[in-house]
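Asker: Before I ask anything, let me first share the structure, which is written out below as structure tokens.
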Amino acid sequence: MSTNDATAALEKASQGLLYQSESDEPFESFVWKKAEGELNAAAVLRRAKKPAKSPVQALAPADFFKDLTTPQDWHGDEEKAIVAKYRSLQDAVQKNLAEAKVFKVGKRKLSVYIVGKTDEGDWAGLKTTSIET
């Protein structure tokens, strides 16, 4: 699958979905051409043009999506629909990005990157913002 197809699939899966923290933020697709080396915190900071000493938390996608894709007894129809959309997004990440990882960069206002490698050798994914105090 091409990089364009991968990002289109991620955009479709995340359309209308907001990442909930102390603010609700949309997802935005990105592509970092010609991925070289290992996908790690230093590479993400460099590609995202963040300061080299920024705090970074790396997560497996399963850990990132765990709470977002788990239905709760108290969920109404709207919450159930959001859980279903997050499951679709998790599936799109698994199908379109190899070696996907999630990186949270920063302290209180975090940049969140869901990133992996496309078949064309680029790094691509989705980014959003999380406010955590």
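Residue names in the structure tokens use chain letters A, B, ... in the order shown, residue numbers from 1 in each chain, and ligand numbers from 1 in the order shown.
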Would you please extract all helix (DSSP H, G or I) residues from segment 51-117 of chain A, as assigned by DSSP on the backbone, and give them as a PyMOL selection string?

Answerer: chain A and resi 61-66+77-96

Asker: Which residues are near segment 61-71 of chain A? Cut-off 10 Å, only C-alpha atoms, ignore same chain within fewer than 6 positions. Put them as a PDB file with C-alpha atoms, in the first residue's frame.

Answerer:
ATOM      1  CA  TYR A  19      -8.841  12.713  21.265  1.00  0.00           C
ATOM      2  CA  GLN A  20     -10.225  13.423  24.703  1.00  0.00           C
ATOM      3  CA  GLU A  79     -19.842   6.677  23.840  1.00  0.00           C
ATOM      4  CA  LYS A  80     -20.359   3.260  22.218  1.00  0.00           C
ATOM      5  CA  ALA A  81     -20.078   4.876  18.781  1.00  0.00           C
ATOM      6  CA  ILE A  82     -16.816   6.569  19.818  1.00  0.00           C
ATOM      7  CA  VAL A  83     -15.410   3.233  21.059  1.00  0.00           C
ATOM      8  CA  ALA A  84     -16.315   1.663  17.698  1.00  0.00           C
ATOM      9  CA  LYS A  85     -14.577   4.503  15.827  1.00  0.00           C
ATOM     10  CA  TYR A  86     -11.436   4.048  17.936  1.00  0.00           C
ATOM     11  CA  ARG A  87     -11.486   0.324  17.158  1.00  0.00           C
ATOM     12  CA  SER A  88     -11.655   1.183  13.446  1.00  0.00           C
ATOM     13  CA  LEU A  89      -8.781   3.616  13.886  1.00  0.00           C
ATOM     14  CA  GLN A  90      -6.707   0.999  15.701  1.00  0.00           C
ATOM     15  CA  VAL A  93      -3.099   1.745  12.115  1.00  0.00           C
ATOM     16  CA  GLN A  94      -2.400  -2.014  12.260  1.00  0.00           C
ATOM     17  CA  GLU A  99       6.143  -1.331  13.416  1.00  0.00           C
ATOM     18  CA  ALA A 100       3.711   1.337  14.638  1.00  0.00           C
ATOM     19  CA  LYS A 101       4.458   3.128  17.886  1.00  0.00           C
ATOM     20  CA  VAL A 102       2.906   5.972  19.838  1.00  0.00           C
ATOM     21  CA  PHE A 103       4.989   8.829  21.202  1.00  0.00           C
ATOM     22  CA  LYS A 104       3.773  11.475  23.638  1.00  0.00           C
ATOM     23  CA  ILE A 114       0.898   7.548  16.174  1.00  0.00           C
ATOM     24  CA  VAL A 115       3.567   6.632  13.641  1.00  0.00           C
TER      25      VAL A 115
END

Asker: For each of A:Lys53, A:Arg47, A:Lys34, A:Lys12, take the minimum atom-to-atom distance to Lys117 of chain A, counting only C-alpha atoms, then give the residue where this is smallest.

Answerer: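 Checking each candidate against Lys117 of chain A, we get A:Lys34 as the closest.
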
Asker: To one decimal place, how far is atom CA of Asn96 of chain A from atom CA of Gly37 of chain A in Å?

Answerer: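 Computing it gives 19.4 Å between the two atoms.
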
Asker: Between atom CA of Ser14 of chain A and atom CA of Lys33 of chain A, what is the spacing in Å?

Answerer: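 If I compute the distance from atom CA of Lys33 of chain A to atom CA of Ser14 of chain A, I get 21.4 Å.
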
Asker: Applying 8 Å and only C-alpha atoms, which residues near Leu39 of chain A remain after dropping the ones on its own chain fewer than 4 positions away? List them as an MDAnalysis selection string.

Answerer: chainID A and resid 43:44 116

Asker: With N, CA, C and O atoms kept, could you save the residues just selected as a CSV table (one decimal), in the first residue's frame?

Answerer:
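Here's the written file out_39.csv:
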chain,number,residue,atom,x,y,z
A,43,ALA,N,14.4,10.0,16.9
A,43,ALA,CA,14.0,10.2,15.5
A,43,ALA,C,12.7,11.0,15.5
A,43,ALA,O,12.5,11.9,14.6
A,44,VAL,N,11.8,10.8,16.3
A,44,VAL,CA,10.5,11.5,16.4
A,44,VAL,C,10.7,13.0,16.7
A,44,VAL,O,10.2,13.8,16.1
A,116,GLY,N,4.2,4.9,12.1
A,116,GLY,CA,4.8,3.7,11.6
A,116,GLY,C,5.3,3.8,10.2
A,116,GLY,O,5.2,4.9,9.6

Asker: From chain A, collect each residue whose DSSP state is strand (DSSP E) and return the set as a ChimeraX atom specification.

Answerer: /A:18-20,24-26,28-32,56-59,98-105,109-117,123-131

Asker: With a distance cut-off of 9 Å and only C-alpha atoms, select the neighbouring residues of segment 118-123 of chain A, excluding the residue or stretch itself and same-chain residues fewer than 5 positions from it, and output the selection as a compact mmCIF listing (two decimals) with N, CA, C and O atoms, in the first residue's frame.

Answerer:
# COMPACT_ATOMS: atom_id res chain seq x y z
N MET A 1 0.85 -1.18 0.00
CA MET A 1 0.00 0.00 0.00
C MET A 1 0.89 1.24 0.00
O MET A 1 1.86 1.31 0.74
N SER A 2 0.56 2.20 -0.81
CA SER A 2 1.37 3.40 -0.91
C SER A 2 1.21 4.28 0.33
O SER A 2 0.26 4.13 1.10
N THR A 3 2.14 5.21 0.47
CA THR A 3 2.05 6.16 1.57
C THR A 3 0.76 6.95 1.48
O THR A 3 0.07 7.17 2.49
N ALA A 6 -2.10 4.82 2.62
CA ALA A 6 -2.04 4.63 4.07
C ALA A 6 -2.57 5.87 4.79
O ALA A 6 -3.40 5.75 5.71
N PHE A 30 0.13 12.94 8.87
CA PHE A 30 1.43 13.48 8.48
C PHE A 30 2.24 12.39 7.80
O PHE A 30 1.97 11.20 7.94
N VAL A 31 3.24 12.84 7.05
CA VAL A 31 4.18 11.92 6.39
C VAL A 31 5.59 12.48 6.59
O VAL A 31 5.82 13.68 6.37
N TRP A 32 6.49 11.63 7.03
CA TRP A 32 7.91 11.96 7.10
C TRP A 32 8.59 11.09 6.06
O TRP A 32 8.72 9.88 6.23
N LYS A 33 8.98 11.70 4.95
CA LYS A 33 9.55 10.96 3.81
C LYS A 33 10.87 10.29 4.16
O LYS A 33 11.62 10.77 5.00
N LYS A 34 11.14 9.20 3.47
CA LYS A 34 12.41 8.48 3.54
C LYS A 34 12.85 8.19 4.98
O LYS A 34 13.85 8.70 5.45
N ALA A 35 12.08 7.38 5.64
CA ALA A 35 12.42 6.98 7.01
C ALA A 35 13.75 6.25 7.01
O ALA A 35 13.97 5.35 6.23
N GLU A 36 14.63 6.69 7.88
CA GLU A 36 15.94 6.04 8.00
C GLU A 36 16.20 5.74 9.46
O GLU A 36 15.83 6.50 10.34
N LEU A 39 12.81 3.78 14.40
CA LEU A 39 11.75 4.66 14.86
C LEU A 39 11.82 4.71 16.38
O LEU A 39 11.41 3.78 17.06
N ASN A 96 -2.11 -0.46 8.05
CA ASN A 96 -1.43 0.46 7.15
C ASN A 96 -0.03 0.88 7.57
O ASN A 96 0.71 1.44 6.77
N LEU A 97 0.33 0.63 8.83
CA LEU A 97 1.63 1.06 9.33
C LEU A 97 2.38 -0.12 9.96
O LEU A 97 1.88 -0.73 10.91
N ALA A 98 3.56 -0.41 9.45
CA ALA A 98 4.39 -1.46 10.03
C ALA A 98 5.15 -0.88 11.23
O ALA A 98 5.52 0.29 11.24
